[in-house]
$ cat data.txt   # compact mmCIF, C-alpha atoms
# COMPACT_ATOMS: atom_id res chain seq x y z
CA MET O 22 37.45 4.90 30.61
CA ILE O 23 40.85 3.53 29.64
CA LYS O 24 41.05 -0.25 29.54
CA VAL O 25 42.90 -3.21 28.08
CA GLN O 26 40.47 -6.10 28.34
CA HIS O 27 39.24 -9.37 26.87
CA GLU O 28 35.57 -8.44 26.92
CA ASP O 29 33.73 -6.74 24.06
CA VAL O 30 32.58 -3.14 24.25
CA ASP O 31 29.10 -1.62 24.38
CA ILE O 32 29.74 1.25 21.98
CA ALA O 33 26.22 2.69 22.25
CA ARG O 34 26.67 2.97 26.01
CA LEU O 35 30.01 4.71 25.58
CA ILE O 36 28.50 7.24 23.17
CA GLN O 37 25.69 7.96 25.61
CA ASP O 38 28.15 8.44 28.48
CA ALA O 39 30.36 10.70 26.33
CA LYS O 40 27.59 13.29 25.93
CA ARG O 41 28.95 15.56 28.65
CA ALA O 42 28.14 19.23 29.13
CA GLY O 43 29.40 21.28 26.17
CA THR O 44 29.56 18.33 23.76
CA GLY O 45 28.79 19.22 20.14
CA ALA O 46 30.50 16.30 18.40
CA ILE O 47 31.44 12.72 19.17
CA VAL O 48 33.82 10.73 16.98
CA VAL O 49 33.99 6.95 17.34
CA PHE O 50 36.90 4.95 15.98
CA ASP O 51 36.23 1.21 15.85
CA GLY O 52 39.14 -0.94 14.72
CA ILE O 53 37.90 -4.33 13.53
CA VAL O 54 39.47 -7.71 12.71
CA ARG O 55 39.63 -7.66 8.93
CA ASP O 56 39.20 -10.78 6.80
CA ASP O 57 42.69 -10.96 5.34
CA ASP O 58 42.37 -14.67 4.66
CA ILE O 59 42.79 -15.41 8.37
CA ARG O 60 40.84 -17.53 10.87
CA GLU O 61 41.25 -15.34 13.93
CA MET O 62 43.47 -12.71 15.44
CA GLU O 63 45.33 -13.03 18.74
CA LEU O 64 46.34 -9.93 20.66
CA GLU O 65 48.64 -9.59 23.62
CA ALA O 66 49.74 -6.61 25.70
CA TYR O 67 52.35 -5.61 28.24
CA ARG O 68 49.42 -4.49 30.30
CA GLU O 69 51.34 -2.85 33.17
CA VAL O 70 52.85 -0.44 30.65
CA ALA O 71 50.07 -0.29 28.05
CA VAL O 72 47.37 1.06 30.39
CA PRO O 73 49.42 4.00 31.77
CA GLU O 74 50.60 4.76 28.24
CA LEU O 75 46.99 4.87 26.98
CA GLU O 76 46.13 7.16 29.90
CA ARG O 77 49.04 9.44 28.99
CA ILE O 78 47.93 9.57 25.34
CA ALA O 79 44.36 10.42 26.40
CA ASP O 80 45.61 13.21 28.70
CA ILE O 81 47.75 14.72 25.93
CA ALA O 82 44.88 14.53 23.43
CA MET O 83 42.45 16.15 25.84
CA ALA O 84 44.78 19.09 26.44
CA LYS O 85 45.97 19.47 22.84
CA PHE O 86 42.56 19.29 21.16
CA HIS O 87 40.37 20.65 23.98
CA LEU O 88 38.47 17.39 24.23
CA ILE O 89 35.69 16.99 26.77
CA HIS O 90 35.89 13.22 27.21
CA VAL O 91 37.96 10.27 25.94
CA ASP O 92 37.40 6.51 26.14
CA ILE O 93 39.99 4.03 24.89
CA ILE O 94 39.25 0.31 25.12
CA HIS O 95 41.79 -2.04 23.55
CA ARG O 96 40.92 -5.72 23.50
CA ILE O 97 43.32 -8.64 23.91
CA GLY O 98 42.95 -12.40 23.50
CA ARG O 99 41.54 -14.28 20.51
CA LEU O 100 39.16 -12.34 18.30
CA ALA O 101 37.13 -13.52 15.32
CA ILE O 102 36.78 -11.71 12.01
CA GLY O 103 34.47 -8.74 12.45
CA GLU O 104 35.06 -8.33 16.19
CA ASN O 105 36.06 -5.02 17.74
CA ILE O 106 39.77 -4.65 18.48
CA LEU O 107 40.00 -1.04 19.56
CA VAL O 108 37.30 1.49 20.35
CA ILE O 109 38.09 5.16 20.82
CA VAL O 110 35.28 7.55 21.73
CA VAL O 111 36.10 11.24 21.73
CA SER O 112 33.76 14.10 22.57
CA ALA O 113 34.46 17.78 21.92
CA GLY O 114 32.65 21.03 21.42
CA HIS O 115 33.12 20.91 17.64
CA ARG O 116 33.82 18.32 14.93
CA LYS O 117 37.29 19.59 14.04
CA GLU O 118 38.67 18.96 17.53
CA ALA O 119 36.84 15.64 17.80
CA TYR O 120 38.21 14.32 14.47
CA GLU O 121 41.73 15.58 15.12
CA GLY O 122 41.77 14.25 18.67
CA SER O 123 40.59 10.81 17.57
CA ARG O 124 43.22 10.69 14.81
CA TYR O 125 45.96 11.72 17.21
CA ILE O 126 45.02 8.96 19.65
CA ILE O 127 44.97 6.10 17.12
CA GLU O 128 48.29 7.15 15.60
CA ALA O 129 49.90 7.45 19.04
CA ILE O 130 48.65 3.99 19.99
CA LYS O 131 50.07 2.46 16.84
CA ALA O 132 53.41 4.16 17.40
CA GLY O 133 54.12 3.35 20.99
CA VAL O 134 51.75 1.26 23.10
CA PRO O 135 53.11 -2.26 23.80
CA ILE O 136 50.40 -4.36 22.18
CA TRP O 137 50.95 -6.97 19.46
CA LYS O 138 48.72 -8.78 16.96
CA LYS O 139 49.10 -12.23 15.48
CA GLU O 140 47.01 -13.28 12.49
CA LEU O 141 46.05 -16.94 12.82
CA THR O 142 45.78 -18.63 9.44
CA LYS O 143 45.03 -22.13 8.23
CA GLY O 144 48.75 -22.73 7.88
CA GLY O 145 49.74 -21.37 11.29
CA GLY O 146 50.16 -17.73 12.13
CA ARG O 147 52.06 -14.52 11.39
CA TRP O 148 52.84 -11.57 13.66
CA VAL O 149 51.70 -8.26 12.26
CA PRO O 150 54.85 -6.17 11.72
CA GLY O 151 55.05 -3.15 13.96
CA GLU O 152 56.64 0.24 13.70
CA HIS O 153 59.86 0.88 15.55
CA PRO O 154 59.84 4.18 17.48
CA ASP O 155 63.41 4.96 16.42
CA ARG O 156 62.71 4.30 12.75
CA SER O 157 59.31 5.76 12.02
CA GLY O 158 57.48 3.81 9.37
CA LYS O 159 60.02 1.00 9.24
CA THR O 160 59.26 -2.47 10.45
CA GLU O 161 61.35 -5.32 11.74
CA MET C 56 69.82 -10.99 43.81
CA THR C 57 67.39 -11.82 41.02
CA ALA C 58 65.80 -10.05 38.09
CA LYS C 59 62.84 -10.94 35.91
CA LEU C 60 63.15 -11.02 32.14
CA ARG C 61 59.83 -10.67 30.31
CA PHE C 62 59.35 -11.45 26.63
CA PHE C 63 56.42 -10.56 24.41
CA ALA C 64 54.96 -11.55 21.04
CA ARG C 65 57.41 -13.46 18.82
CA PHE C 66 60.11 -13.35 21.50
CA ARG C 67 57.70 -14.89 24.02
CA GLU C 68 56.98 -17.76 21.65
CA LEU C 69 60.70 -18.44 21.36
CA LEU C 70 61.83 -17.83 24.93
CA GLY C 71 58.84 -18.11 27.25
CA THR C 72 56.75 -15.53 29.04
CA ASP C 73 59.27 -14.64 31.70
CA ILE C 74 62.50 -15.92 33.24
CA LEU C 75 63.71 -15.30 36.77
CA VAL C 76 67.50 -15.04 36.65
CA PRO C 77 70.17 -14.66 39.33
CA VAL C 78 72.00 -11.33 39.12
CA ARG C 79 75.73 -11.04 39.69
CA GLU C 80 76.91 -7.76 41.25
CA GLY C 81 77.57 -5.20 38.50
CA VAL C 82 76.30 -7.26 35.56
CA THR C 83 74.87 -5.09 32.78
CA ILE C 84 71.42 -5.49 31.23
CA SER C 85 72.98 -6.47 27.93
CA ASP C 86 75.18 -9.18 29.48
CA LEU C 87 72.36 -10.53 31.65
CA VAL C 88 69.97 -10.95 28.72
CA ARG C 89 72.68 -12.42 26.50
CA SER C 90 73.61 -14.94 29.16
CA ALA C 91 69.98 -15.86 29.89
CA VAL C 92 69.05 -16.59 26.28
CA SER C 93 72.35 -18.02 25.02
CA GLY C 94 71.11 -21.60 25.40
CA ASN C 95 68.19 -20.97 23.05
CA GLU C 96 69.54 -20.72 19.51
CA GLY C 97 66.36 -19.41 17.90
CA GLY C 98 65.60 -16.97 20.68
CA TYR C 99 69.16 -15.67 20.75
CA ALA C 100 69.22 -15.12 16.98
CA ALA C 101 65.90 -13.25 17.14
CA ILE C 102 67.24 -10.76 19.68
CA PHE C 103 70.98 -10.49 19.03
CA ASP C 104 72.93 -9.94 15.83
CA GLU C 105 76.08 -11.78 14.78
CA ASN C 106 78.20 -9.37 16.88
CA GLY C 107 76.24 -10.04 20.05
CA ASN C 108 74.47 -6.68 19.99
CA PHE C 109 70.71 -6.22 20.34
CA ARG C 110 69.14 -6.15 16.90
CA GLU C 111 68.11 -2.68 15.75
CA PHE C 112 64.38 -3.31 16.10
CA VAL C 113 64.52 -4.80 19.61
CA ILE C 114 62.85 -2.62 22.26
CA LEU C 115 63.84 -2.83 25.92
CA MET C 116 62.22 -1.53 29.09
CA ARG C 117 63.55 -1.52 32.62
CA ASN C 118 60.82 -1.39 35.25
CA GLY C 119 58.37 -0.06 32.66
CA LYS C 120 60.63 2.66 31.24
CA ARG C 121 62.30 2.57 27.83
CA ILE C 122 66.04 2.02 27.87
CA GLU C 123 68.13 2.66 24.77
CA ARG C 124 70.01 -0.31 23.34
CA GLN C 125 73.40 1.35 23.74
CA ASP C 126 72.66 2.15 27.40
CA THR C 127 72.08 -1.52 28.20
CA LYS C 128 75.83 -2.07 27.83
CA ASN C 129 76.69 0.12 30.79
CA THR C 130 73.57 -0.05 32.98
CA PRO C 131 73.93 -2.49 35.89
CA VAL C 132 70.95 -4.63 36.83
CA GLN C 133 69.54 -4.05 40.32
CA ASP C 134 67.93 -6.64 42.56
CA GLY C 135 64.26 -7.01 41.63
CA ASP C 136 64.51 -5.29 38.25
CA GLU C 137 62.03 -6.24 35.54
CA ILE C 138 63.59 -6.16 32.09
CA ALA C 139 61.10 -6.39 29.20
CA ILE C 140 62.28 -7.32 25.72
CA PHE C 141 59.94 -7.08 22.75
CA PRO C 142 59.65 -6.47 19.00
CA PRO C 143 58.06 -3.30 17.53
CA VAL C 144 54.52 -2.75 18.76
CA ALA C 145 51.54 -3.31 16.48
CA GLY C 146 48.38 -2.45 18.39
CA GLY C 147 45.38 -0.54 17.17

$ encode --input "data.txt" --output "C-alpha cells"
Amino acid sequence: MIKVQHEDVDIARLIQDAKRAGTGAIVVFDGIVRDDDIREMELEAYREVAVPELERIADIAMAKFHLIHVDIIHRIGRLAIGENILVIVVSAGHRKEAYEGSRYIIEAIKAGVPIWKKELTKGGGRWVPGEHPDRSGKTE
Amino acid sequence: MTAKLRFFARFRELLGTDILVPVREGVTISDLVRSAVSGNEGGYAAIFDENGNFREFVILMRNGKRIERQDTKNTPVQDGDEIAIFPPVAGG
C-alpha cells in the first residue's frame, strides 16, 4: 500500500498484512511529530507527483534488497505532537535486507518526494528546510 | 492558450495555490513564470534572484517531470501545461 493521506495508520494491521510467504523479518519505520517547542506540524504534498514517486521508490527497494512487501503511508494536513507522519513497513526473508530496504526508502523520500513540513509555533510558523537534489545536504 | 502555474509550501503562501495564465506563442517557461509573479514583490524575490534568474534552490516541474533551471530559458510553454514551482522537499 502506497498512500499520501490525512488519516492515521493502523500499524498493527500493516504488520499483520506484511507477513507474506517467505517473510523472516519485518522492519517498521514510524516518523513522528517531535516536540521541538512547536504546537503542531502542517504537511502538504504535490500529491499527483508524490504518489508515483513513492511507488517508484518502493519498486526500486523491492528489487534492490529482495524485499517481499513494502507499505509507505505519508500523512498530510495538521498533525499534533506525537502523531505519526510517515510509516514504512518492509518485509524480507532476513533482517539485513529488511533494515537496508527500510533505510533506503526513508532516505529516498527525504531526498526527492515533493512533500513539505511547516512547524507551527506560538509565534507563527517555520518551514522545515529541505535538501536540494542538485546540492546534496545543502538547504535553501 | 493557457497554462497552470502551481506553487507549494512557502511559495504557495506568497503566491497562491495555482494561477491560470494565458500563454503567448513561443513564450518560455522562465519568461511565463517571471511575468506571472512580477506583480508580487515578495513572491518574485523568493523565486528569482537580482538578475531575474531562478534562485539556485528553486525546483521546477513541467507536467510532473523535473525540468532544469537552465532549460526553462529555452523551453516553450504548450497549451495546457502544468508548471510546478517549489522549494526543496522536506518530507519524511

$ closest_residue --input "data.txt" --among "O:Gly114, O:Gly145, O:Pro135, O:Pro73" --to "chain C" --atoms "only C-alpha atoms"
O:Pro135

$ closest_atom_pairs --input "data.txt" --of "chain O" --to "chain C" --cutoff "9 Å" --atoms "only C-alpha atoms" --output "CSV"
residue,atom,partner,partner_atom,distance
O:Gly52,CA,C:Gly147,CA,6.7
O:Leu64,CA,C:Gly146,CA,8.1
O:Glu65,CA,C:Ala64,CA,7.1
O:Ala66,CA,C:Phe63,CA,7.9
O:Tyr67,CA,C:Phe63,CA,7.5
O:Glu69,CA,C:Gly119,CA,7.6
O:Val70,CA,C:Gly119,CA,5.9
O:His95,CA,C:Gly147,CA,7.5
O:Ile106,CA,C:Gly147,CA,7.1
O:Leu107,CA,C:Gly147,CA,5.9
O:Val108,CA,C:Gly147,CA,8.9
O:Ile127,CA,C:Gly147,CA,6.7
O:Glu128,CA,C:Gly147,CA,8.4
O:Ile130,CA,C:Gly147,CA,6.3
O:Lys131,CA,C:Gly146,CA,5.4
O:Ala132,CA,C:Val144,CA,7.1
O:Gly133,CA,C:Val144,CA,6.5
O:Val134,CA,C:Val144,CA,6.5
O:Pro135,CA,C:Val144,CA,5.3
O:Ile136,CA,C:Gly146,CA,4.7
O:Trp137,CA,C:Ala145,CA,4.8
O:Lys138,CA,C:Ala145,CA,6.2
O:Lys139,CA,C:Ala64,CA,8.1
O:Trp148,CA,C:Arg65,CA,7.1
O:Val149,CA,C:Ala145,CA,6.5
O:Pro150,CA,C:Ala145,CA,6.5
O:Gly151,CA,C:Ala145,CA,4.3
O:Glu152,CA,C:Pro143,CA,5.4
O:His153,CA,C:Pro143,CA,5.0
O:Pro154,CA,C:Pro143,CA,7.7
O:Asp155,CA,C:Phe112,CA,8.3
O:Arg156,CA,C:Phe112,CA,8.5
O:Thr160,CA,C:Pro143,CA,7.2
O:Glu161,CA,C:Phe112,CA,5.7

$ write_last_selection --input "data.txt" --atoms "C-alpha atoms" --output "tab-separated table (two decimals), in the frame of the given file"
chain	number	residue	atom	x	y	z
O	52	GLY	CA	39.14	-0.94	14.72
O	64	LEU	CA	46.34	-9.93	20.66
O	65	GLU	CA	48.64	-9.59	23.62
O	66	ALA	CA	49.74	-6.61	25.70
O	67	TYR	CA	52.35	-5.61	28.24
O	69	GLU	CA	51.34	-2.85	33.17
O	70	VAL	CA	52.85	-0.44	30.65
O	95	HIS	CA	41.79	-2.04	23.55
O	106	ILE	CA	39.77	-4.65	18.48
O	107	LEU	CA	40.00	-1.04	19.56
O	108	VAL	CA	37.30	1.49	20.35
O	127	ILE	CA	44.97	6.10	17.12
O	128	GLU	CA	48.29	7.15	15.60
O	130	ILE	CA	48.65	3.99	19.99
O	131	LYS	CA	50.07	2.46	16.84
O	132	ALA	CA	53.41	4.16	17.40
O	133	GLY	CA	54.12	3.35	20.99
O	134	VAL	CA	51.75	1.26	23.10
O	135	PRO	CA	53.11	-2.26	23.80
O	136	ILE	CA	50.40	-4.36	22.18
O	137	TRP	CA	50.95	-6.97	19.46
O	138	LYS	CA	48.72	-8.78	16.96
O	139	LYS	CA	49.10	-12.23	15.48
O	148	TRP	CA	52.84	-11.57	13.66
O	149	VAL	CA	51.70	-8.26	12.26
O	150	PRO	CA	54.85	-6.17	11.72
O	151	GLY	CA	55.05	-3.15	13.96
O	152	GLU	CA	56.64	0.24	13.70
O	153	HIS	CA	59.86	0.88	15.55
O	154	PRO	CA	59.84	4.18	17.48
O	155	ASP	CA	63.41	4.96	16.42
O	156	ARG	CA	62.71	4.30	12.75
O	160	THR	CA	59.26	-2.47	10.45
O	161	GLU	CA	61.35	-5.32	11.74

$ closest_residue --input "data.txt" --among "C:Asn108, C:Lys59, C:Pro77, C:Thr72" --to "Lys128 of chain C" --atoms "all atoms listed in the file"
C:Asn108

$ closest_residue --input "data.txt" --among "C:Ser85, C:Met56, C:Ser90, C:Ala101" --to "Glu68 of chain C" --atoms "all atoms listed in the file"
C:Ala101

$ atom_distance --input "data.txt" --atom1 "atom CA of Ala46 of chain O" --atom2 "atom CA of Lys117 of chain O"
8.7 Å

$ atom_distance --input "data.txt" --atom1 "atom CA of Val88 of chain C" --atom2 "atom CA of Arg121 of chain C"
15.6 Å

$ atom_distance --input "data.txt" --atom1 "atom CA of Val78 of chain C" --atom2 "atom CA of Pro131 of chain C"
9.6 Å

$ build_atoms --input "data.txt" --residues "segment 31-52 of chain O" --atoms "N, CA and C atoms" --output "PDB file, in the coordinates of the input"
ATOM      1  N   ASP O  31      30.433  -2.132  24.710  1.00  0.00           N
ATOM      2  CA  ASP O  31      29.100  -1.620  24.380  1.00  0.00           C
ATOM      3  C   ASP O  31      29.280  -0.183  23.864  1.00  0.00           C
ATOM      4  N   ILE O  32      29.408  -0.055  22.553  1.00  0.00           N
ATOM      5  CA  ILE O  32      29.740   1.250  21.980  1.00  0.00           C
ATOM      6  C   ILE O  32      28.591   2.248  22.172  1.00  0.00           C
ATOM      7  N   ALA O  33      27.365   1.781  22.056  1.00  0.00           N
ATOM      8  CA  ALA O  33      26.220   2.690  22.250  1.00  0.00           C
ATOM      9  C   ALA O  33      26.234   3.307  23.643  1.00  0.00           C
ATOM     10  N   ARG O  34      26.589   2.496  24.627  1.00  0.00           N
ATOM     11  CA  ARG O  34      26.670   2.970  26.010  1.00  0.00           C
ATOM     12  C   ARG O  34      27.767   4.019  26.154  1.00  0.00           C
ATOM     13  N   LEU O  35      28.896   3.754  25.508  1.00  0.00           N
ATOM     14  CA  LEU O  35      30.010   4.710  25.580  1.00  0.00           C
ATOM     15  C   LEU O  35      29.627   6.045  24.963  1.00  0.00           C
ATOM     16  N   ILE O  36      28.931   5.994  23.834  1.00  0.00           N
ATOM     17  CA  ILE O  36      28.500   7.240  23.170  1.00  0.00           C
ATOM     18  C   ILE O  36      27.568   8.018  24.085  1.00  0.00           C
ATOM     19  N   GLN O  37      26.635   7.290  24.705  1.00  0.00           N
ATOM     20  CA  GLN O  37      25.690   7.960  25.610  1.00  0.00           C
ATOM     21  C   GLN O  37      26.422   8.641  26.762  1.00  0.00           C
ATOM     22  N   ASP O  38      27.408   7.902  27.326  1.00  0.00           N
ATOM     23  CA  ASP O  38      28.150   8.440  28.480  1.00  0.00           C
ATOM     24  C   ASP O  38      29.077   9.589  28.082  1.00  0.00           C
ATOM     25  N   ALA O  39      29.428   9.663  26.791  1.00  0.00           N
ATOM     26  CA  ALA O  39      30.360  10.700  26.330  1.00  0.00           C
ATOM     27  C   ALA O  39      29.661  12.046  26.097  1.00  0.00           C
ATOM     28  N   LYS O  40      28.344  12.046  26.164  1.00  0.00           N
ATOM     29  CA  LYS O  40      27.590  13.290  25.930  1.00  0.00           C
ATOM     30  C   LYS O  40      27.602  14.151  27.186  1.00  0.00           C
ATOM     31  N   ARG O  41      28.779  14.714  27.467  1.00  0.00           N
ATOM     32  CA  ARG O  41      28.950  15.560  28.650  1.00  0.00           C
ATOM     33  C   ARG O  41      28.542  17.003  28.309  1.00  0.00           C
ATOM     34  N   ALA O  42      28.485  17.827  29.340  1.00  0.00           N
ATOM     35  CA  ALA O  42      28.140  19.230  29.130  1.00  0.00           C
ATOM     36  C   ALA O  42      29.100  19.875  28.133  1.00  0.00           C
ATOM     37  N   GLY O  43      28.567  20.590  27.163  1.00  0.00           N
ATOM     38  CA  GLY O  43      29.400  21.280  26.170  1.00  0.00           C
ATOM     39  C   GLY O  43      29.685  20.467  24.934  1.00  0.00           C
ATOM     40  N   THR O  44      29.262  19.187  24.910  1.00  0.00           N
ATOM     41  CA  THR O  44      29.560  18.330  23.760  1.00  0.00           C
ATOM     42  C   THR O  44      28.743  18.752  22.538  1.00  0.00           C
ATOM     43  N   GLY O  45      29.454  18.921  21.406  1.00  0.00           N
ATOM     44  CA  GLY O  45      28.790  19.220  20.140  1.00  0.00           C
ATOM     45  C   GLY O  45      29.111  18.178  19.086  1.00  0.00           C
ATOM     46  N   ALA O  46      30.107  17.331  19.371  1.00  0.00           N
ATOM     47  CA  ALA O  46      30.500  16.300  18.400  1.00  0.00           C
ATOM     48  C   ALA O  46      31.139  15.130  19.121  1.00  0.00           C
ATOM     49  N   ILE O  47      30.797  13.945  18.668  1.00  0.00           N
ATOM     50  CA  ILE O  47      31.440  12.720  19.170  1.00  0.00           C
ATOM     51  C   ILE O  47      31.959  11.956  17.962  1.00  0.00           C
ATOM     52  N   VAL O  48      33.243  11.563  18.028  1.00  0.00           N
ATOM     53  CA  VAL O  48      33.820  10.730  16.980  1.00  0.00           C
ATOM     54  C   VAL O  48      34.152   9.376  17.581  1.00  0.00           C
ATOM     55  N   VAL O  49      33.708   8.317  16.893  1.00  0.00           N
ATOM     56  CA  VAL O  49      33.990   6.950  17.340  1.00  0.00           C
ATOM     57  C   VAL O  49      34.910   6.291  16.327  1.00  0.00           C
ATOM     58  N   PHE O  50      36.041   5.795  16.811  1.00  0.00           N
ATOM     59  CA  PHE O  50      36.900   4.950  15.980  1.00  0.00           C
ATOM     60  C   PHE O  50      36.711   3.524  16.449  1.00  0.00           C
ATOM     61  N   ASP O  51      36.416   2.622  15.522  1.00  0.00           N
ATOM     62  CA  ASP O  51      36.230   1.210  15.850  1.00  0.00           C
ATOM     63  C   ASP O  51      37.127   0.389  14.933  1.00  0.00           C
ATOM     64  N   GLY O  52      38.235  -0.070  15.478  1.00  0.00           N
ATOM     65  CA  GLY O  52      39.140  -0.940  14.720  1.00  0.00           C
ATOM     66  C   GLY O  52      38.650  -2.370  14.791  1.00  0.00           C
TER      67      GLY O  52
END
